[in-house]
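K.L.:
Would you mind keeping the following structure in view while I ask a few things?
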Amino acid sequence: MLEIRNLHATIDDQEILRGIDLKVSAGEVHAIMGPNGSGKSTLAKVLAGHPAYEVTEGEIIYEGKNLLEMDPDERAREGVFMAFQYPVEVPGVSNAQLLRLAYNEKRKHQGLEELDPLEFKELLAERAKLVDMDLSFMSRSVNEGFSGGEKKRNEILQMAVLEPKLAILDETDSGLDIDALRIVADGVNKLRRPDNAIILVTHYQRILNYIIPDYVHVLYRGRIVRSGGKELALELEEKGYDWIKSEAGVTASA
Amino acid sequence: MMTQATEAKETGLYLEAYEQLRQRTASEVPSWLDRLRAEALEKFSELGFPAPTLEEWRYTNVAPIAKARFVPSWTIDGAEETGRRWEDRVYEEARSSVLVFVNGRFRSDLSSLAALPREAVVLGLADALRSEHQKMIGERLARGAAFDRQHFAALNTAFIADGAFVYLPRGVRVEAPIQLLFISDSGPVMSFPRVLVIAERESEATLIERYVGAADQPYFTDAVVEIYVDENAHLEHYKVQEEGAASFHVATTWVELKRAARYHSTTVTLGAQLARHNIAAILTEEGGECRVDGLYMVDTGQHADTHSLIEHRAPRCTSFQLYKGILDGRSRGVFNGRIYVHREAQQTDAYQTNRNLMLSNEARVDTKPQLEIFADDVKCSHGATVGQLEEEELFYLRTRGLSFEKARNLLTYGFAEEVVEKIAVDSIREQLNEVILNRLHATALDVR
């Protein structure tokens, strides 16, 4: 589904990603872990097409297409979704409006009929249950006045409505208390299917107790320095990132 | 000497037009109106068109109006087809409560007042001047919109011939919104609509002014609307200005609120190459409440200027004001909002905000909120902002599958929503949402 080859990316002429290689197949969950500043969120944003980042080398092939040639909205319509670490507030636009617009943009792209507000309301009510969200949130402005946990849940609701092929969850667990974390993780688990894939960017192992990954990759200074199964996350939890740092340091100087 | 000669020429057209109007109508109008018009003309000849050296006209140059050779509306017969062509501009809610004006003249054949209660008096002004209400009109007309210093109010007053008269006797409540549709569609016509609204105690109504016209003609509208809202009366007022792109639109709105009166207005400015709106709400007795909102949305070749005055003369009155501007291309916006609180007006609650969204680097806005407070126990605040769309918001919406244009239009919609959502007439709200969401080649966005 996704193949990243030797990806280098910069922001303000500063190189953040320095040669990432990653292959993700349908049905898989990949966790990207790493200390702060290792480039995790940059990787997520580059995949979503954030205009502030410049890809200087390498390529990203998504479903056989060159992802880097696509605008952020094209990527979205083709099934790429990023749940934001800091979901953006959109005053004056209701949650239901945005969700229906986004949903219909995708339907149009697929050559399907758009849903009218009534039809969509039904679909929305059903999906909102996945993240235990009250329908009163639907008439409120997007993320405006939402608590941190509500914003994160709202991101997963968008994911539930848009049903992406490839979902990138950028630190969706940060700032969540244990109950909210469980709700969000449950929601994501219910959306796991053999034909979609998830990239889970996280600093902490905690969420991986709920969303069990198939692969764990450790990112450090813009490179994947270690990959393994879900047990790698536990090892990290136990030994901390210093272990990776010193090992990487040794490798670098060797 | 050169200057004087030019000025003489510029007002000359109007002196001539005045003589024509007088010859045509002197015998038909009451003598007090004949005197009023003469007095106003004299004032206008003295004032001329405002020069940009005047503080009030610093950002708005009306030389193009002064130089143009407009044709007086009373020399043109607005054909019935002209009115029919614009019939779709009658809002659904006002199908049976609409007064249609073609080139400034009331057309009863195009109007429909079936939905209005018998107690409400809604007439073309020329007809009203020939009716039993003539005396009442004489007592109120031009008492509010002073023309001693206001160039365009003077010009309008000199040419009072037609317009609308709305009189709501005590306790009369009108459900259907009363729409006044002003159509200018006969070449370079100039028209001077005059509207007088008297809402007596405990009466209630909704008034909609809508201005439309030919897109390719540089015509000129100079309107004056005077509104009296008496004790405990409630008036909802909308002004939708969507004049043709080459036109000039100057309007004066003057409102007086008596004890515990309520007046809510939303002014929507979409059209004209040059638009100026002077709006004044005067709170003269205790407990009055006014909300004076506006939305201006302009693009290349357009200039929209709002000058507002909210005057608190009595204690315990409330005023809210929210004006939002959306400026694209090479457009220009001006907002000058003044709140004046007299010494007697203790416990005033006054709030004013002007926010501007710049969609282009070539657009420009001058905003100047002013507070003048002479009472010591008041709650007043004001502010102005000028900003652009947030990159992160645009990116966020694009990652949800919306194209750049759609994301931008949706954010613009969100920006305007704070003004639009308060509009109680569905058709106006829907019209605005459509205008905002379908801008600039973006395909329709359906946000129901």
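Labels used: A, B, ... for chains in the order of the structure tokens, numbers from 1 for residues in each chain, and numbers from 1 for ligands as shown.
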If you count only C-alpha atoms, which residues fall within 12 Å of A:Arg226, apart from same-chain ones fewer than 5 positions away, as a PDB file with N, CA, C and O atoms, in the first residue's frame?
P.N.:
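Just written: result_7.pdb:
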ATOM      1  N   ILE A  20      14.452   7.863   5.225  1.00  0.00           N
ATOM      2  CA  ILE A  20      13.520   6.920   5.840  1.00  0.00           C
ATOM      3  C   ILE A  20      13.106   5.867   4.815  1.00  0.00           C
ATOM      4  O   ILE A  20      12.792   6.214   3.669  1.00  0.00           O
ATOM      5  N   ASP A  21      13.135   4.625   5.224  1.00  0.00           N
ATOM      6  CA  ASP A  21      12.605   3.549   4.393  1.00  0.00           C
ATOM      7  C   ASP A  21      11.545   2.822   5.202  1.00  0.00           C
ATOM      8  O   ASP A  21      11.793   2.475   6.362  1.00  0.00           O
ATOM      9  N   LEU A  22      10.379   2.661   4.587  1.00  0.00           N
ATOM     10  CA  LEU A  22       9.291   2.008   5.319  1.00  0.00           C
ATOM     11  C   LEU A  22       8.304   1.418   4.324  1.00  0.00           C
ATOM     12  O   LEU A  22       7.979   2.043   3.313  1.00  0.00           O
ATOM     13  N   ALA A  31       3.690   1.034  14.341  1.00  0.00           N
ATOM     14  CA  ALA A  31       3.895   2.105  15.317  1.00  0.00           C
ATOM     15  C   ALA A  31       5.236   2.753  15.043  1.00  0.00           C
ATOM     16  O   ALA A  31       6.227   2.072  14.808  1.00  0.00           O
ATOM     17  N   ILE A  32       5.230   4.074  15.014  1.00  0.00           N
ATOM     18  CA  ILE A  32       6.487   4.818  14.863  1.00  0.00           C
ATOM     19  C   ILE A  32       6.751   5.481  16.213  1.00  0.00           C
ATOM     20  O   ILE A  32       5.966   6.325  16.661  1.00  0.00           O
ATOM     21  N   MET A  33       7.827   5.074  16.838  1.00  0.00           N
ATOM     22  CA  MET A  33       8.129   5.641  18.148  1.00  0.00           C
ATOM     23  C   MET A  33       9.450   6.391  18.072  1.00  0.00           C
ATOM     24  O   MET A  33      10.175   6.306  17.091  1.00  0.00           O
ATOM     25  N   GLY A  34       9.744   7.119  19.112  1.00  0.00           N
ATOM     26  CA  GLY A  34      11.011   7.834  19.125  1.00  0.00           C
ATOM     27  C   GLY A  34      10.963   8.988  20.084  1.00  0.00           C
ATOM     28  O   GLY A  34       9.878   9.448  20.460  1.00  0.00           O
ATOM     29  N   TYR A 215       4.071  -3.999  13.710  1.00  0.00           N
ATOM     30  CA  TYR A 215       5.491  -3.624  13.663  1.00  0.00           C
ATOM     31  C   TYR A 215       5.715  -2.371  14.496  1.00  0.00           C
ATOM     32  O   TYR A 215       4.837  -1.507  14.575  1.00  0.00           O
ATOM     33  N   VAL A 216       6.892  -2.292  15.071  1.00  0.00           N
ATOM     34  CA  VAL A 216       7.282  -1.082  15.794  1.00  0.00           C
ATOM     35  C   VAL A 216       8.593  -0.596  15.193  1.00  0.00           C
ATOM     36  O   VAL A 216       9.516  -1.389  14.966  1.00  0.00           O
ATOM     37  N   HIS A 217       8.644   0.695  14.886  1.00  0.00           N
ATOM     38  CA  HIS A 217       9.879   1.278  14.344  1.00  0.00           C
ATOM     39  C   HIS A 217      10.311   2.397  15.263  1.00  0.00           C
ATOM     40  O   HIS A 217       9.482   3.158  15.751  1.00  0.00           O
ATOM     41  N   VAL A 218      11.588   2.467  15.466  1.00  0.00           N
ATOM     42  CA  VAL A 218      12.091   3.544  16.323  1.00  0.00           C
ATOM     43  C   VAL A 218      12.814   4.558  15.444  1.00  0.00           C
ATOM     44  O   VAL A 218      13.722   4.214  14.677  1.00  0.00           O
ATOM     45  N   LEU A 219      12.351   5.771  15.576  1.00  0.00           N
ATOM     46  CA  LEU A 219      12.905   6.854  14.774  1.00  0.00           C
ATOM     47  C   LEU A 219      13.846   7.657  15.659  1.00  0.00           C
ATOM     48  O   LEU A 219      13.515   7.982  16.813  1.00  0.00           O
ATOM     49  N   TYR A 220      15.017   7.947  15.134  1.00  0.00           N
ATOM     50  CA  TYR A 220      15.950   8.772  15.899  1.00  0.00           C
ATOM     51  C   TYR A 220      16.764   9.613  14.929  1.00  0.00           C
ATOM     52  O   TYR A 220      17.327   9.082  13.967  1.00  0.00           O
ATOM     53  N   LEU A 232       9.196  -4.851  20.870  1.00  0.00           N
ATOM     54  CA  LEU A 232      10.180  -3.765  20.858  1.00  0.00           C
ATOM     55  C   LEU A 232       9.668  -2.568  21.664  1.00  0.00           C
ATOM     56  O   LEU A 232      10.444  -1.885  22.350  1.00  0.00           O
ATOM     57  N   ALA A 233       8.372  -2.351  21.604  1.00  0.00           N
ATOM     58  CA  ALA A 233       7.786  -1.235  22.354  1.00  0.00           C
ATOM     59  C   ALA A 233       7.969  -1.451  23.854  1.00  0.00           C
ATOM     60  O   ALA A 233       8.278  -0.517  24.603  1.00  0.00           O
ATOM     61  N   GLU A 235      10.282  -3.220  25.283  1.00  0.00           N
ATOM     62  CA  GLU A 235      11.700  -3.090  25.569  1.00  0.00           C
ATOM     63  C   GLU A 235      12.057  -1.613  25.740  1.00  0.00           C
ATOM     64  O   GLU A 235      12.812  -1.227  26.638  1.00  0.00           O
ATOM     65  N   LEU A 236      11.471  -0.783  24.836  1.00  0.00           N
ATOM     66  CA  LEU A 236      11.702   0.661  24.909  1.00  0.00           C
ATOM     67  C   LEU A 236      11.162   1.222  26.214  1.00  0.00           C
ATOM     68  O   LEU A 236      11.813   2.049  26.870  1.00  0.00           O
ATOM     69  N   TYR A 241      14.460   5.773  26.015  1.00  0.00           N
ATOM     70  CA  TYR A 241      15.040   6.136  24.727  1.00  0.00           C
ATOM     71  C   TYR A 241      16.555   6.310  24.799  1.00  0.00           C
ATOM     72  O   TYR A 241      17.234   6.300  23.777  1.00  0.00           O
ATOM     73  N   TRP A 243      18.624   4.314  25.744  1.00  0.00           N
ATOM     74  CA  TRP A 243      19.199   3.073  25.218  1.00  0.00           C
ATOM     75  C   TRP A 243      19.418   3.180  23.699  1.00  0.00           C
ATOM     76  O   TRP A 243      20.485   2.881  23.181  1.00  0.00           O
ATOM     77  N   ILE A 244      18.378   3.657  23.019  1.00  0.00           N
ATOM     78  CA  ILE A 244      18.448   3.840  21.569  1.00  0.00           C
ATOM     79  C   ILE A 244      19.499   4.890  21.217  1.00  0.00           C
ATOM     80  O   ILE A 244      20.316   4.711  20.316  1.00  0.00           O
ATOM     81  N   LYS A 245      19.443   5.964  21.992  1.00  0.00           N
ATOM     82  CA  LYS A 245      20.363   7.071  21.708  1.00  0.00           C
ATOM     83  C   LYS A 245      21.808   6.613  21.819  1.00  0.00           C
ATOM     84  O   LYS A 245      22.629   6.873  20.945  1.00  0.00           O
ATOM     85  N   GLU A 247      22.975   3.581  21.737  1.00  0.00           N
ATOM     86  CA  GLU A 247      23.272   2.584  20.724  1.00  0.00           C
ATOM     87  C   GLU A 247      23.521   3.230  19.353  1.00  0.00           C
ATOM     88  O   GLU A 247      24.466   2.891  18.658  1.00  0.00           O
ATOM     89  N   ALA A 248      22.641   4.182  19.042  1.00  0.00           N
ATOM     90  CA  ALA A 248      22.785   4.883  17.774  1.00  0.00           C
ATOM     91  C   ALA A 248      24.099   5.653  17.760  1.00  0.00           C
ATOM     92  O   ALA A 248      24.786   5.724  16.741  1.00  0.00           O
ATOM     93  N   THR A 251      26.868   3.246  17.130  1.00  0.00           N
ATOM     94  CA  THR A 251      26.882   2.857  15.732  1.00  0.00           C
ATOM     95  C   THR A 251      27.497   3.964  14.875  1.00  0.00           C
ATOM     96  O   THR A 251      28.305   3.696  13.993  1.00  0.00           O
TER      97      THR A 251
END
K.L.:
Which polymer residues have any atom within 12 Å of an atom of B:Val62, counting only C-alpha atoms, with same-chain residues fewer than 5 positions away left out, as a list in words?
P.N.:
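My list of contacting residues is Glu10, Gly48, Phe49, Pro50, Ala51, Pro52, Thr53, Leu54, Glu56, Trp57, Lys67, Ala68, His151, Phe152, Phe220, Phe248, His249, Val250, Gln273, Leu274, Ala275, Arg276, His303, Ala304 and Asp305 of chain B.
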K.L.:
Those selected residues, please, written with N, CA, C and O atoms and delivered as an mmCIF file, in the first residue's frame.
P.N.:
data_model
loop_
_atom_site.group_PDB
_atom_site.id
_atom_site.type_symbol
_atom_site.label_atom_id
_atom_site.label_comp_id
_atom_site.auth_asym_id
_atom_site.auth_seq_id
_atom_site.Cartn_x
_atom_site.Cartn_y
_atom_site.Cartn_z
ATOM 1 N N GLU B 10 -20.345 70.630 -11.911
ATOM 2 C CA GLU B 10 -20.709 69.353 -11.306
ATOM 3 C C GLU B 10 -22.081 69.387 -10.636
ATOM 4 O O GLU B 10 -22.792 68.408 -10.642
ATOM 5 N N GLY B 48 -21.996 71.169 -2.188
ATOM 6 C CA GLY B 48 -21.443 70.442 -3.322
ATOM 7 C C GLY B 48 -21.194 68.992 -2.938
ATOM 8 O O GLY B 48 -21.716 68.506 -1.929
ATOM 9 N N PHE B 49 -20.384 68.318 -3.742
ATOM 10 C CA PHE B 49 -20.000 66.952 -3.381
ATOM 11 C C PHE B 49 -18.841 67.017 -2.393
ATOM 12 O O PHE B 49 -18.009 67.912 -2.475
ATOM 13 N N PRO B 50 -18.797 66.079 -1.470
ATOM 14 C CA PRO B 50 -17.753 66.140 -0.450
ATOM 15 C C PRO B 50 -16.350 65.935 -1.042
ATOM 16 O O PRO B 50 -16.151 65.059 -1.879
ATOM 17 N N ALA B 51 -15.429 66.736 -0.596
ATOM 18 C CA ALA B 51 -14.042 66.623 -1.065
ATOM 19 C C ALA B 51 -13.285 65.666 -0.151
ATOM 20 O O ALA B 51 -13.600 65.532 1.017
ATOM 21 N N PRO B 52 -12.282 64.991 -0.698
ATOM 22 C CA PRO B 52 -11.511 64.042 0.124
ATOM 23 C C PRO B 52 -10.722 64.732 1.246
ATOM 24 O O PRO B 52 -10.150 64.052 2.106
ATOM 25 N N THR B 53 -10.702 66.031 1.238
ATOM 26 C CA THR B 53 -10.014 66.755 2.317
ATOM 27 C C THR B 53 -10.844 66.732 3.606
ATOM 28 O O THR B 53 -10.329 66.983 4.682
ATOM 29 N N LEU B 54 -12.138 66.418 3.486
ATOM 30 C CA LEU B 54 -12.984 66.319 4.684
ATOM 31 C C LEU B 54 -12.680 65.015 5.409
ATOM 32 O O LEU B 54 -12.580 63.966 4.780
ATOM 33 N N GLU B 56 -14.449 63.062 7.159
ATOM 34 C CA GLU B 56 -15.474 62.035 6.938
ATOM 35 C C GLU B 56 -15.363 61.371 5.562
ATOM 36 O O GLU B 56 -15.982 60.348 5.314
ATOM 37 N N TRP B 57 -14.635 61.994 4.668
ATOM 38 C CA TRP B 57 -14.548 61.490 3.299
ATOM 39 C C TRP B 57 -13.101 61.227 2.886
ATOM 40 O O TRP B 57 -12.789 61.169 1.704
ATOM 41 N N LYS B 67 -18.600 63.734 -11.446
ATOM 42 C CA LYS B 67 -18.274 63.987 -12.859
ATOM 43 C C LYS B 67 -19.238 63.316 -13.838
ATOM 44 O O LYS B 67 -19.322 63.705 -14.992
ATOM 45 N N ALA B 68 -19.939 62.279 -13.357
ATOM 46 C CA ALA B 68 -20.771 61.511 -14.282
ATOM 47 C C ALA B 68 -22.024 62.297 -14.682
ATOM 48 O O ALA B 68 -22.480 63.173 -13.953
ATOM 49 N N HIS B 151 -23.928 65.881 2.645
ATOM 50 C CA HIS B 151 -24.080 66.190 1.226
ATOM 51 C C HIS B 151 -25.127 65.340 0.518
ATOM 52 O O HIS B 151 -25.993 65.869 -0.174
ATOM 53 N N PHE B 152 -25.016 64.027 0.732
ATOM 54 C CA PHE B 152 -25.890 63.136 -0.031
ATOM 55 C C PHE B 152 -27.316 63.096 0.519
ATOM 56 O O PHE B 152 -28.257 62.854 -0.222
ATOM 57 N N PHE B 220 -26.599 55.520 -10.527
ATOM 58 C CA PHE B 220 -26.350 56.121 -9.222
ATOM 59 C C PHE B 220 -27.611 56.055 -8.360
ATOM 60 O O PHE B 220 -28.682 56.473 -8.776
ATOM 61 N N PHE B 248 -22.935 53.273 -8.553
ATOM 62 C CA PHE B 248 -22.568 54.033 -7.358
ATOM 63 C C PHE B 248 -23.744 53.991 -6.400
ATOM 64 O O PHE B 248 -24.881 54.226 -6.807
ATOM 65 N N HIS B 249 -23.445 53.689 -5.156
ATOM 66 C CA HIS B 249 -24.533 53.564 -4.183
ATOM 67 C C HIS B 249 -24.165 54.328 -2.916
ATOM 68 O O HIS B 249 -23.174 54.030 -2.270
ATOM 69 N N VAL B 250 -24.981 55.322 -2.609
ATOM 70 C CA VAL B 250 -24.777 56.057 -1.361
ATOM 71 C C VAL B 250 -26.092 55.978 -0.591
ATOM 72 O O VAL B 250 -27.161 56.209 -1.156
ATOM 73 N N GLN B 273 -19.556 49.676 -7.590
ATOM 74 C CA GLN B 273 -18.104 49.934 -7.635
ATOM 75 C C GLN B 273 -17.721 50.861 -6.496
ATOM 76 O O GLN B 273 -16.615 50.785 -5.967
ATOM 77 N N LEU B 274 -18.648 51.717 -6.112
ATOM 78 C CA LEU B 274 -18.388 52.600 -4.988
ATOM 79 C C LEU B 274 -19.641 52.632 -4.111
ATOM 80 O O LEU B 274 -20.724 52.952 -4.588
ATOM 81 N N ALA B 275 -19.468 52.223 -2.875
ATOM 82 C CA ALA B 275 -20.612 52.213 -1.964
ATOM 83 C C ALA B 275 -20.249 52.928 -0.681
ATOM 84 O O ALA B 275 -19.168 52.735 -0.129
ATOM 85 N N ARG B 276 -21.177 53.770 -0.245
ATOM 86 C CA ARG B 276 -20.968 54.441 1.023
ATOM 87 C C ARG B 276 -22.268 54.336 1.811
ATOM 88 O O ARG B 276 -23.344 54.646 1.284
ATOM 89 N N HIS B 303 -15.209 49.399 -3.909
ATOM 90 C CA HIS B 303 -14.859 50.201 -2.744
ATOM 91 C C HIS B 303 -16.112 50.292 -1.859
ATOM 92 O O HIS B 303 -17.156 50.741 -2.320
ATOM 93 N N ALA B 304 -16.011 49.816 -0.635
ATOM 94 C CA ALA B 304 -17.182 49.842 0.253
ATOM 95 C C ALA B 304 -16.823 50.557 1.546
ATOM 96 O O ALA B 304 -15.859 50.190 2.226
ATOM 97 N N ASP B 305 -17.599 51.572 1.863
ATOM 98 C CA ASP B 305 -17.312 52.428 3.015
ATOM 99 C C ASP B 305 -18.538 52.439 3.932
ATOM 100 O O ASP B 305 -19.655 52.678 3.477
#
K.L.:
If DSSP is run on the backbone, what residues of stretch 3-252 of chain A are strand (DSSP E)? A reply as a PyMOL selection string would be ideal.
P.N.:
chain A and resi 3-11+14-24+29-33+53-62+65-66+80-83+90-94+141-142+166-170+197-201+215-220+223-228
K.L.:
Could you list, as a PyMOL selection string, every residue of chain B that has an atom within 6 Å of an atom of chain A, counting only C-alpha atoms?
P.N.:
chain B and resi 398-403+414+417+447
K.L.:
Convert the current residue selection to file output with C-alpha atoms, as a CSV table (one decimal), in the first residue's frame.
P.N.:
chain,number,residue,atom,x,y,z
B,398,ARG,CA,-7.5,20.1,2.7
B,399,THR,CA,-6.4,17.0,4.5
B,400,ARG,CA,-10.1,16.2,4.8
B,401,GLY,CA,-10.4,16.3,1.0
B,402,LEU,CA,-11.5,19.8,0.3
B,403,SER,CA,-9.7,21.6,-2.6
B,414,GLY,CA,-17.0,30.4,8.9
B,417,GLU,CA,-21.2,33.1,10.0
B,447,VAL,CA,-23.3,23.0,3.7
K.L.:
For B:Glu39, list every protein, DNA or RNA residue within 9 Å, evaluated using only C-alpha atoms, and leave out those in the same chain fewer than 3 positions away; present the list as a PyMOL selection string.
P.N.:
chain B and resi 34-36+42-44+154+157-158
K.L.:
Could you write out the selected residues, including C-alpha atoms, as a PDB file, in the first residue's frame?
P.N.:
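Result file is out_14.pdb:
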ATOM      1  CA  ASP B  34     -41.826  71.990  -1.984  1.00  0.00           C
ATOM      2  CA  ARG B  35     -40.153  74.248   0.612  1.00  0.00           C
ATOM      3  CA  LEU B  36     -38.186  71.346   2.113  1.00  0.00           C
ATOM      4  CA  GLU B  42     -29.863  75.285  -1.533  1.00  0.00           C
ATOM      5  CA  LYS B  43     -27.865  73.340   1.031  1.00  0.00           C
ATOM      6  CA  PHE B  44     -26.530  70.982  -1.572  1.00  0.00           C
ATOM      7  CA  ALA B 154     -29.250  67.011   1.149  1.00  0.00           C
ATOM      8  CA  THR B 157     -33.982  65.527   0.135  1.00  0.00           C
ATOM      9  CA  ALA B 158     -33.916  67.995  -2.748  1.00  0.00           C
TER      10      ALA B 158
END
K.L.:
Per DSSP on the backbone, what are the alpha helix (DSSP H) residues of stretch 24-236 of chain A, as a count of residues only?
P.N.:
79
K.L.:
To one decimal place, how far is atom CA of B:Ser265 from atom CA of B:Asn438 in Å?
P.N.:
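Here the two named atoms are 25.1 Å from each other.
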K.L.:
If you count only C-alpha atoms, which residues fall within 9 Å of stretch 61-68 of chain A, apart from same-chain ones fewer than 4 positions away, as a ChimeraX atom specification?
P.N.:
/A:1-5,46-47,49,55,75
K.L.:
For B:Thr348, please output as a VMD selection string all residues within 9 Å (counting only C-alpha atoms; exclusion window: fewer than 4 positions along the same chain).
P.N.:
chain B and resid 312 314 to 319 341 375 377 to 380
K.L.:
Just the selected residues (N, CA and C atoms), exported as a CSV table (one decimal), in the first residue's frame, please.
P.N.:
chain,number,residue,atom,x,y,z
B,312,HIS,N,-25.7,57.3,22.4
B,312,HIS,CA,-26.4,57.0,23.6
B,312,HIS,C,-26.7,58.4,24.3
B,314,ALA,N,-29.5,58.5,26.5
B,314,ALA,CA,-30.3,58.2,27.7
B,314,ALA,C,-29.7,57.1,28.4
B,315,PRO,N,-30.0,57.0,29.7
B,315,PRO,CA,-29.4,55.9,30.6
B,315,PRO,C,-29.9,54.5,30.2
B,316,ARG,N,-29.1,53.6,30.6
B,316,ARG,CA,-29.5,52.1,30.5
B,316,ARG,C,-29.9,51.7,29.1
B,317,CYS,N,-29.2,52.1,28.2
B,317,CYS,CA,-29.4,51.6,26.8
B,317,CYS,C,-28.3,50.7,26.4
B,318,THR,N,-28.6,49.8,25.5
B,318,THR,CA,-27.6,48.8,25.1
B,318,THR,C,-27.3,48.9,23.6
B,319,SER,N,-26.1,48.8,23.2
B,319,SER,CA,-25.9,48.8,21.7
B,319,SER,C,-24.8,47.8,21.4
B,341,VAL,N,-21.3,58.5,23.8
B,341,VAL,CA,-22.1,58.3,25.0
B,341,VAL,C,-22.2,59.7,25.8
B,375,ALA,N,-20.1,59.9,30.0
B,375,ALA,CA,-20.7,59.4,31.3
B,375,ALA,C,-19.7,58.7,32.0
B,377,ASP,N,-20.3,56.0,34.4
B,377,ASP,CA,-20.7,54.7,34.8
B,377,ASP,C,-21.2,53.9,33.6
B,378,VAL,N,-20.3,53.4,32.8
B,378,VAL,CA,-20.6,52.8,31.5
B,378,VAL,C,-19.8,51.5,31.3
B,379,LYS,N,-20.3,50.7,30.4
B,379,LYS,CA,-19.5,49.5,30.0
B,379,LYS,C,-19.4,49.6,28.5
B,380,CYS,N,-18.2,50.0,28.0
B,380,CYS,CA,-18.0,50.1,26.6
B,380,CYS,C,-16.8,49.4,26.2
K.L.:
Mind checking which residues fall within 10 Å of B:Glu200, counting only C-alpha atoms, ignoring those fewer than 2 positions away in the same chain, and posting them as JSON, numbers by chain?
P.N.:
{"B": [167, 168, 169, 170, 171, 172, 197, 198, 202, 203, 204, 228, 229, 230, 231, 232, 233, 234, 258, 261]}
K.L.:
Which of these residues is nearest to A:Thr202, using only C-alpha atoms: A:Met70, A:Leu157, A:Val225, A:Leu43?
P.N.:
A:Leu43
